[in-house]
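Chemist: Got a structure here, written out as structure tokens. Questions coming.
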Amino acid sequence: MAKSILVTGGAGYIGSHAVLQLLQGGFRTVVVDNLDNSSEVAINRVVELAGEFGKNLTFHKIDLRNKDALDKIFASTNFDAVIHFAGLKAVGESVQKPLLYYDNNIIGTITLLEIMAAHGCKKLVFSSSATVYGWPKEVPCTEEFPLFAMNPYGQTKLIIEDICRDIYRSDSDWKIILLRYFNPVGAHPSGDIGEDPRGIPNNLMPFVQQVAVGRRSALTVYGNDYSTKDGTGVRDYIHVVDLADGHIAALQKLFESNIGCEVYNLGTGKGTSVLEMVAAFEKASGKKIPLVMAGRRPGDAEIVYASTAKAEKELNWRAKYGIDEMCRDQWNWASKNPYGYASPDSTN
């Protein structure tokens with residue numbers, strides 16, 4: 001029998017890529033998403049890309065905080081595991097609207113965990129974030145580093161991690177994997193699904209992409225006086241397809257081993273500077289990206305990249321793609337979908 005997986009936030013950027021991998025891997029997949037920062041078009045395209053496996057996807061537009069609606073979904077399907085992507089993720093917005101983030105991310109997760117427990121589904125893969133490392137004093141970041149959130153968004157990820165650890169301590173039937181992502185970029189090689197942020201992008205690559213397609217005039221680089229090779233901040237960028245593969249590897253681990261509550265970094269283990277990433281994108285797209293240099297942003301760390309040894313050893317997973325492939329696939333998505341999933345006249 002094919003295993004059934006519930007995916008929260010499955011219409012989002014990372015979620016949609018993971019859902020496609022699940023379908024292609026023969027899993028039955030049920031997506032719940034409130035479409036707050038995502039589009040149902042993504043789900044429709046995933047179904048098309050999955051071909052004959054597309055019939056194994058079911059979509060429900062609900063908010064995780066709607067306990068009755070969530071309970072009905074669990075009552076109608078016997079889930080083998082849950083992958084939990086759903087959550088608000090803009091750092092700046094979280095600083096301005098902390099209650100929105102605590103309510104959405106934490107209350108949503110608590111509701112999900114309560115319903116999972118009530119229905120005896122105790123296997124979970126959770127989308128955490130490298131933001132839980134705060135400003136790491138050294139690199140690469142290992143899973144044992146001290147945890148410190150610099151903003152309400154990071155705080156919600158840290159609190160949810162703590163909730164998961166506490167749940168496992170209280171009931172050893174739970175099997176939980178917390179995945180700390182570094183910087184997801186790129187898109188599916190088809191160019192049919194990719195990142196489509198609402199409003200002004202918070203991350204480097206969607207911003208670069210919008211400059212390349214003519215939606216914005218220039219890229220603002222925050223800080224070019226860091227003690228890095230070219231003065232700009234260094235991050236660990238990971239191809240979204242590699243990241244999706246990491247979730248499949250985590251699921252297999254939940255099904256095949258007697259894991260408790262474990263944490264894994266998902267990154268490439270390599271640092272790339274902002275200017276190196278821009279140069280790679282210019283090469284992939286053939287477009288010049290005008291730059292405006294600005295001061296450092298408060299709360300930005302200088303250099304952050306992952307130690308990936310634990311995921312390689314225990315999940316048998318490692319990133320396959322480098323920045324050239326990330327930029328190639330991102331440009332393919334951007335050039336085919338300059339306004340993301342929307343039409344030009346409906347965007348801001």
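Going by the structure tokens order, chains are called A, B, ..., each with residues numbered from 1, while ligands are numbered from 1 in the order shown.
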Using only C-alpha atoms, which residues sit within 7 Å of Val125 in chain A once same-chain residues fewer than 2 positions away are excluded, as a list in words?

Modeler: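 The filter keeps Val82, Ile83, His84, Ser127, Ile176, Ile177, Leu178 and Ala250 of chain A.
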
Chemist: Name the residues of range 258-305 of chain A that fall into helix (DSSP H, G or I) according to DSSP on the backbone, using the chain letters and numbers of this document, as a list in words.

Modeler: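 Residues meeting the helix (DSSP H, G or I) criterion: Val274, Leu275, Glu276, Met277, Val278, Ala279, Ala280, Phe281, Glu282, Lys283, Ala284 and Ser285 of chain A.
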
Chemist: The selected residues should be written to file as a PDB file, in the first residue's frame (atoms: N, CA and C atoms).

Modeler:
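Below you can see out.pdb, which holds the result:
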ATOM      1  N   VAL A 274      27.206  37.454  -1.742  1.00  0.00           N
ATOM      2  CA  VAL A 274      26.141  38.093  -2.527  1.00  0.00           C
ATOM      3  C   VAL A 274      26.641  38.410  -3.942  1.00  0.00           C
ATOM      4  N   LEU A 275      27.854  38.978  -4.038  1.00  0.00           N
ATOM      5  CA  LEU A 275      28.355  39.356  -5.370  1.00  0.00           C
ATOM      6  C   LEU A 275      28.658  38.139  -6.242  1.00  0.00           C
ATOM      7  N   GLU A 276      29.114  37.054  -5.629  1.00  0.00           N
ATOM      8  CA  GLU A 276      29.344  35.817  -6.403  1.00  0.00           C
ATOM      9  C   GLU A 276      28.025  35.278  -6.947  1.00  0.00           C
ATOM     10  N   MET A 277      26.977  35.351  -6.123  1.00  0.00           N
ATOM     11  CA  MET A 277      25.665  34.847  -6.544  1.00  0.00           C
ATOM     12  C   MET A 277      25.114  35.713  -7.681  1.00  0.00           C
ATOM     13  N   VAL A 278      25.281  37.036  -7.558  1.00  0.00           N
ATOM     14  CA  VAL A 278      24.804  37.940  -8.608  1.00  0.00           C
ATOM     15  C   VAL A 278      25.552  37.659  -9.916  1.00  0.00           C
ATOM     16  N   ALA A 279      26.868  37.453  -9.819  1.00  0.00           N
ATOM     17  CA  ALA A 279      27.671  37.172 -11.025  1.00  0.00           C
ATOM     18  C   ALA A 279      27.211  35.873 -11.696  1.00  0.00           C
ATOM     19  N   ALA A 280      26.915  34.854 -10.881  1.00  0.00           N
ATOM     20  CA  ALA A 280      26.455  33.570 -11.433  1.00  0.00           C
ATOM     21  C   ALA A 280      25.101  33.745 -12.122  1.00  0.00           C
ATOM     22  N   PHE A 281      24.242  34.592 -11.541  1.00  0.00           N
ATOM     23  CA  PHE A 281      22.935  34.811 -12.148  1.00  0.00           C
ATOM     24  C   PHE A 281      23.054  35.608 -13.444  1.00  0.00           C
ATOM     25  N   GLU A 282      23.976  36.581 -13.458  1.00  0.00           N
ATOM     26  CA  GLU A 282      24.193  37.347 -14.694  1.00  0.00           C
ATOM     27  C   GLU A 282      24.663  36.422 -15.819  1.00  0.00           C
ATOM     28  N   LYS A 283      25.533  35.486 -15.442  1.00  0.00           N
ATOM     29  CA  LYS A 283      26.056  34.535 -16.432  1.00  0.00           C
ATOM     30  C   LYS A 283      24.923  33.640 -16.961  1.00  0.00           C
ATOM     31  N   ALA A 284      24.076  33.162 -16.054  1.00  0.00           N
ATOM     32  CA  ALA A 284      22.992  32.247 -16.456  1.00  0.00           C
ATOM     33  C   ALA A 284      21.942  32.958 -17.303  1.00  0.00           C
ATOM     34  N   SER A 285      21.680  34.229 -16.996  1.00  0.00           N
ATOM     35  CA  SER A 285      20.567  34.934 -17.638  1.00  0.00           C
ATOM     36  C   SER A 285      21.003  35.808 -18.806  1.00  0.00           C
TER      37      SER A 285
END

Chemist: To one decimal place, how far is CA of Leu64 in chain A from CA of Glu161 in chain A in Å?

Modeler: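 Distance reported for this atom pair: 17.6 Å.
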
Chemist: Find the residues around Arg235 in chain A up to 8 Å (only C-alpha atoms counted), leave out those fewer than 4 positions away in its own chain, and share them as a list in words.

Modeler: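 Skipping anything fewer than 4 positions along the chain leaves Phe182, Asn183, Lys270, Gly271, Thr272, Ser273, Val274, Ile303, Val304 and Tyr305 of chain A.
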
Chemist: CA of Pro290 in chain A and CA of Asn37 in chain A, how far apart in Å?

Modeler: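 The value is 27.8 Å.
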
Chemist: Leaving out range 85-100 of chain A and any residue of its chain fewer than 6 positions from it, which residues lie within 10 Å of it when counting only C-alpha atoms, given as JSON, numbers by chain?

Modeler: {"A": [7, 8, 9, 10, 11, 12, 13, 14, 15, 16, 18, 32, 33, 34, 35, 36, 37, 63, 64, 106, 108, 109, 125, 126, 127, 128, 129, 131, 150, 151, 152, 153, 154, 155, 156, 157, 197, 201, 202, 203, 299]}

Chemist: Hey, can you check how far CA of Lys310 in chain A sits from CA of Asn265 in chain A?

Modeler: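 Pair CA of Lys310 in chain A / CA of Asn265 in chain A returns 7.6 Å.
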
Chemist: Need the shell around Ala2 in chain A: protein/DNA/RNA residues with any atom at most 8 Å away, counting only C-alpha atoms. Skip same-chain ones fewer than 4 positions apart. Format as a list in words?

Modeler: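 That gives Gly26, Phe27 and Arg28 of chain A.
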
Chemist: Which of these, A:Ile160, A:Met293, A:Leu254, A:Val47, has the shortest distance to Leu219 in chain A once you count only C-alpha atoms?

Modeler: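 Distance minimum relative to Leu219 in chain A lands on A:Met293.
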
Chemist: Can you list, as a list in words, every protein, DNA or RNA residue that comes within 10 Å of range 111-119 of chain A when you count only C-alpha atoms, leaving out same-chain residues fewer than 4 positions away?

Modeler: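 Within the cut-off, the hits are Thr8, Leu64, Arg65, Asn66, Lys67, Asp68, Leu70, Asp71, Lys72, Ile73, Phe74, Ala75, Thr77, Asn78, Phe79, Ala81, Val82, His84, Ile106, Ile107, Lys123, Leu124, Ile163, Cys164, Ile167 and Trp174 of chain A.
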
Chemist: May I ask which of the residues A:Gly231, A:Gly260, A:Gly340, A:Gly54 is the closest one to Arg296 in chain A, counting only C-alpha atoms?

Modeler: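 Using only C-alpha atoms, the shortest distance to Arg296 in chain A belongs to A:Gly231.
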
Chemist: Could you tell me which of A:Gln252, A:Asn337, A:Asn104, A:Thr142 comes closest to Asp196 in chain A if we count only C-alpha atoms?

Modeler: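 Counting only C-alpha atoms, the residue closest to Asp196 in chain A is A:Asn337.
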
Chemist: Smallest atom-to-atom distance to Ala130 in chain A: which of A:Glu195, A:Asp324, A:Asp236, A:Asp162, using only C-alpha atoms?

Modeler: A:Asp236

Chemist: What residues in range 79-290 of chain A get the DSSP label strand (DSSP E)? Please answer as a PyMOL selection string.

Modeler: chain A and resi 81-84+123-129+175-181+183-185+219-222+234-235+237-239+261-266+272-273

Chemist: With N, CA, C and O atoms kept, could you save the residues just selected as a compact mmCIF listing (two decimals), in the first residue's frame?

Modeler:
# COMPACT_ATOMS: atom_id res chain seq x y z
N ALA A 81 2.49 9.94 7.95
CA ALA A 81 3.40 10.97 8.45
C ALA A 81 2.92 12.34 7.98
O ALA A 81 2.10 12.44 7.06
N VAL A 82 3.47 13.38 8.61
CA VAL A 82 3.17 14.76 8.24
C VAL A 82 4.47 15.50 7.94
O VAL A 82 5.46 15.35 8.68
N ILE A 83 4.48 16.27 6.85
CA ILE A 83 5.58 17.21 6.61
C ILE A 83 4.99 18.60 6.81
O ILE A 83 4.02 18.97 6.13
N HIS A 84 5.57 19.36 7.74
CA HIS A 84 4.98 20.63 8.16
C HIS A 84 5.81 21.81 7.67
O HIS A 84 6.80 22.19 8.26
N LYS A 123 4.44 10.73 13.37
CA LYS A 123 5.68 10.92 12.61
C LYS A 123 5.63 12.29 11.94
O LYS A 123 4.69 12.58 11.19
N LEU A 124 6.66 13.11 12.19
CA LEU A 124 6.65 14.49 11.71
C LEU A 124 8.01 14.91 11.18
O LEU A 124 9.04 14.65 11.81
N VAL A 125 8.00 15.57 10.01
CA VAL A 125 9.18 16.28 9.51
C VAL A 125 8.82 17.76 9.56
O VAL A 125 7.82 18.18 8.98
N PHE A 126 9.63 18.55 10.28
CA PHE A 126 9.33 19.97 10.46
C PHE A 126 10.36 20.86 9.77
O PHE A 126 11.55 20.66 9.90
N SER A 127 9.85 21.88 9.05
CA SER A 127 10.69 22.90 8.41
C SER A 127 11.19 23.87 9.44
O SER A 127 10.47 24.81 9.77
N SER A 128 12.41 23.67 9.91
CA SER A 128 12.99 24.69 10.77
C SER A 128 13.91 25.56 9.90
O SER A 128 13.79 25.56 8.67
N SER A 129 14.82 26.28 10.51
CA SER A 129 15.59 27.26 9.75
C SER A 129 16.94 27.49 10.40
O SER A 129 17.08 27.41 11.62
N LYS A 175 8.11 10.21 16.48
CA LYS A 175 9.37 10.26 15.73
C LYS A 175 9.36 11.57 14.97
O LYS A 175 8.45 11.81 14.16
N ILE A 176 10.34 12.42 15.26
CA ILE A 176 10.32 13.78 14.71
C ILE A 176 11.69 14.12 14.14
O ILE A 176 12.71 13.89 14.79
N ILE A 177 11.69 14.68 12.93
CA ILE A 177 12.93 15.20 12.36
C ILE A 177 12.74 16.69 12.10
O ILE A 177 11.77 17.12 11.45
N LEU A 178 13.66 17.47 12.65
CA LEU A 178 13.67 18.92 12.47
C LEU A 178 14.73 19.25 11.44
O LEU A 178 15.91 18.91 11.62
N LEU A 179 14.33 19.86 10.34
CA LEU A 179 15.28 20.18 9.26
C LEU A 179 15.58 21.67 9.28
O LEU A 179 14.67 22.49 9.10
N ARG A 180 16.83 22.01 9.51
CA ARG A 180 17.22 23.42 9.52
C ARG A 180 17.75 23.80 8.14
O ARG A 180 18.85 23.41 7.76
N TYR A 181 16.92 24.56 7.40
CA TYR A 181 17.30 24.95 6.04
C TYR A 181 18.25 26.12 6.09
O TYR A 181 18.08 27.02 6.89
N ASN A 183 19.78 28.57 2.74
CA ASN A 183 19.09 29.54 1.86
C ASN A 183 18.59 28.88 0.58
O ASN A 183 19.37 28.73 -0.37
N PRO A 184 17.31 28.49 0.52
CA PRO A 184 16.80 27.80 -0.66
C PRO A 184 16.67 28.75 -1.85
O PRO A 184 16.14 29.85 -1.71
N VAL A 185 17.18 28.31 -3.01
CA VAL A 185 17.04 29.09 -4.24
C VAL A 185 16.80 28.13 -5.40
O VAL A 185 16.78 26.91 -5.23
N LEU A 219 19.27 46.05 -7.72
CA LEU A 219 19.37 45.25 -6.50
C LEU A 219 20.11 46.07 -5.44
O LEU A 219 21.19 46.60 -5.69
N THR A 220 19.51 46.17 -4.26
CA THR A 220 20.21 46.82 -3.15
C THR A 220 21.02 45.78 -2.40
O THR A 220 20.48 44.75 -1.96
N VAL A 221 22.32 46.02 -2.28
CA VAL A 221 23.21 45.13 -1.54
C VAL A 221 23.45 45.75 -0.16
O VAL A 221 23.98 46.86 -0.06
N TYR A 222 23.04 45.04 0.87
CA TYR A 222 23.16 45.59 2.23
C TYR A 222 24.50 45.18 2.84
O TYR A 222 24.68 44.05 3.28
N VAL A 234 28.14 36.35 3.29
CA VAL A 234 28.29 35.00 2.73
C VAL A 234 27.22 34.08 3.32
O VAL A 234 27.02 34.04 4.54
N ARG A 235 26.54 33.35 2.44
CA ARG A 235 25.48 32.43 2.87
C ARG A 235 25.64 31.08 2.16
O ARG A 235 26.33 30.97 1.15
N TYR A 237 23.72 28.74 -0.02
CA TYR A 237 22.55 28.63 -0.90
C TYR A 237 22.37 27.17 -1.31
O TYR A 237 23.33 26.50 -1.67
N ILE A 238 21.12 26.70 -1.24
CA ILE A 238 20.85 25.30 -1.60
C ILE A 238 19.72 25.25 -2.62
O ILE A 238 18.72 25.96 -2.50
N HIS A 239 19.91 24.41 -3.63
CA HIS A 239 18.89 24.26 -4.68
C HIS A 239 17.63 23.65 -4.07
O HIS A 239 17.69 22.67 -3.32
N CYS A 261 13.79 12.41 18.43
CA CYS A 261 13.59 13.75 17.87
C CYS A 261 14.98 14.23 17.48
O CYS A 261 15.81 14.51 18.34
N GLU A 262 15.25 14.28 16.18
CA GLU A 262 16.60 14.60 15.69
C GLU A 262 16.59 15.83 14.80
O GLU A 262 15.59 16.12 14.14
N VAL A 263 17.73 16.51 14.76
CA VAL A 263 17.89 17.73 13.97
C VAL A 263 18.92 17.51 12.88
O VAL A 263 19.98 16.90 13.13
N TYR A 264 18.65 18.01 11.67
CA TYR A 264 19.63 17.94 10.58
C TYR A 264 19.69 19.27 9.85
O TYR A 264 18.65 19.88 9.56
N ASN A 265 20.88 19.71 9.54
CA ASN A 265 21.08 20.86 8.65
C ASN A 265 20.89 20.41 7.21
O ASN A 265 21.40 19.35 6.82
N LEU A 266 20.22 21.23 6.41
CA LEU A 266 20.17 21.00 4.97
C LEU A 266 20.79 22.21 4.27
O LEU A 266 20.20 23.30 4.24
N THR A 272 28.74 31.21 -0.21
CA THR A 272 28.81 32.01 -1.45
C THR A 272 28.43 33.44 -1.10
O THR A 272 27.43 33.66 -0.41
N SER A 273 29.20 34.40 -1.59
CA SER A 273 28.90 35.80 -1.27
C SER A 273 27.79 36.34 -2.17
O SER A 273 27.48 35.76 -3.23
